[in-house]
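Colleague: Quick one: this structure, given as structure tokens, is what I'll be asking you about.
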Amino acid sequence: MAEYRKSDTASWDAQEVRRAQEEPPRKHTKRRRRRRMNPILYILLVLLASALLAGVGWLLMSDLCAFNRGPIVEKTVEITADDNMGDVAEKLHQQGLINYKWFFRLFAGITNAEEKIGLGTYTLNTDMDYRALITGMRSTSGNMTAETVRVTIPEGYTVEQIIKLLAKNGVASEADLMEAAKTADFNYSFIDNDSEDISRLEGYLFPDTYEFYVNTKKPASALDKLISTFNSKIDDELLEQAKARGYDLKEIVIIASLIEKETDGTDHGKIASVIYNRLDGEGTRGGTYGMLQIDASLLYALPGHTGAVTNADKEVDSPYNLYKHEGLPPTAIANPGLASIQAALEPEETGYYYYALGKDGRHHFSTTLEEHNNFINSGNYGG
């Protein structure tokens, strides 16, 4: 029997310890079985997801292509310089022209709609798909990314004054605007497209605040914007009122322009009553005989005139000289605001045939020539 040595045991123990440290302990794990989904349930989920996607896709495509919109209805949408594509989508949605604003904005981004849609008021309808809506808001004068300028047209400005104001604000050159006023065709029955005089637009450029493209390529479109606003203000009810008074639209606009140039800002209805009393009344109050004798009309025929109207001025041979010619001038003498148009349609009922401006800045009205002359000589006359 070999001799037992403690050193052998110690050496074996050390080797076993090292081996134990080098080899990780074995884990006794149990195999877990994976649960398989029921094939029928899986198929149902796939079919449900496909149906949902197909349904959403159909709704989006129906909106894109304007399917199932029902009866065709026209809507008006105004695009201003303050609008972005989100605002455009909101306006279309409010008018019932689209259902999904986010989807329209996505389509607009893909098709670069901002480079096509222009500022203005557009008539669209529910039968238009996305592409037709964008095309329907196209402007040849500029687009939503173009530079614009806001211009306020004062009431009582003439066509010439409006053109100068637009040119001053960089809408187009004065020469180009003047040429458009003379020769451009405007699609309105009340505009005489056969005439080449700017007076054909007088009275129809509605005073308001507008957004214009800077350096527009089509100056006629800037003028058309003002005419379009006028057209929108004159509805069938106003036309019936004019007809009931025995006047057509042109005559009402001429009367409104006379009121606009003569009013002190508070007496539109009284000025209108004097005009109608002289046109339709007895015509014998102090020898008026249908003569309007309005200075503002005479001054329209004397561009550049300064100071008060003189007796020599009253001898000028012009159809706008209502001291020599009975009735109305041939065209409006300015572009009236809505208050003057309304006064022309609904004048106050008075017995006045005369008025004169007092030192207080207000008009004083008289029934007879004697009353009128007494005011003129009273020291309160401000003319």
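Every chain in the structure tokens takes a letter, A first, then B, and so on in the order presented; its residues are numbered from 1, and the ligands are numbered from 1 following the presented order.
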Do a neighbour search on Lys233 of chain A at 12 Å with only C-alpha atoms, toss out local chain neighbours closer than 6 positions, and write the hits as a PyMOL selection string.

Modeller: chain A and resi 204-208+226-227+239+336-339+341-342

Colleague: Please give the complete set of residues from segment 100-259 of chain A that DSSP, run on the backbone, assigns to strand (DSSP E or B), formatted as a ChimeraX atom specification.

Modeller: /A:117,120-125,138,148-152,209-213

Colleague: Calculated over only C-alpha atoms, which of the candidates A:Ser221, A:Asn311, A:Ser366, A:Thr140 has the smallest distance to Leu177 of chain A?

Modeller: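 For Leu177 of chain A, the nearest of the candidates is A:Ser221.
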
Colleague: At a cut-off of 8 Å, can you tabulate as a tab-separated table every residue of segment 224-342 of chain A near segment 158-165 of chain A together with its closest atom pair and the distance in Å to one decimal, using only C-alpha atoms and ordering rows by chain then number?

Modeller:
```
residue	atom	partner	partner_atom	distance
A:Ile333	CA	A:Thr158	CA	6.8
A:Ala334	CA	A:Thr158	CA	4.4
A:Asn335	CA	A:Thr158	CA	5.9
```

Colleague: Would you work out the distance separating atom CA of Thr121 of chain A from atom CA of Lys261 of chain A, expressed in Å to one decimal?

Modeller: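 Result for atom CA of Thr121 of chain A versus atom CA of Lys261 of chain A: 29.5 Å, one decimal.
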
Colleague: Extract, using only C-alpha atoms, all DNA, RNA and protein residues at most 8 Å from Leu322 of chain A, discarding same-chain residues fewer than 6 positions from it, and format them as a ChimeraX atom specification.

Modeller: /A:291-295,297-298,328-329

Colleague: Which residues come within 9 Å of Asp197 of chain A, counting only C-alpha atoms, excluding same-chain residues fewer than 6 positions away, as a short mmCIF file (atom, residue, chain, number, x, y, z; two decimals) with all heavy atoms, in the first residue's frame?

Modeller:
```cif
data_model
loop_
_atom_site.label_atom_id
_atom_site.label_comp_id
_atom_site.auth_asym_id
_atom_site.auth_seq_id
_atom_site.Cartn_x
_atom_site.Cartn_y
_atom_site.Cartn_z
N ALA A 181 -57.47 100.10 -67.09
CA ALA A 181 -58.75 100.78 -66.84
C ALA A 181 -59.43 101.18 -68.14
O ALA A 181 -60.66 101.19 -68.24
CB ALA A 181 -58.52 102.01 -65.97
N LYS A 182 -58.63 101.47 -69.15
CA LYS A 182 -59.18 101.92 -70.44
C LYS A 182 -59.56 100.77 -71.36
O LYS A 182 -60.58 100.85 -72.06
CB LYS A 182 -58.16 102.81 -71.16
CG LYS A 182 -57.90 104.15 -70.50
CD LYS A 182 -56.83 104.92 -71.28
CE LYS A 182 -56.56 106.28 -70.66
NZ LYS A 182 -55.50 107.02 -71.40
N THR A 183 -58.76 99.71 -71.38
CA THR A 183 -58.92 98.72 -72.45
C THR A 183 -59.27 97.31 -72.00
O THR A 183 -59.70 96.51 -72.84
CB THR A 183 -57.62 98.65 -73.28
OG1 THR A 183 -56.55 98.20 -72.43
CG2 THR A 183 -57.27 100.01 -73.86
#
```
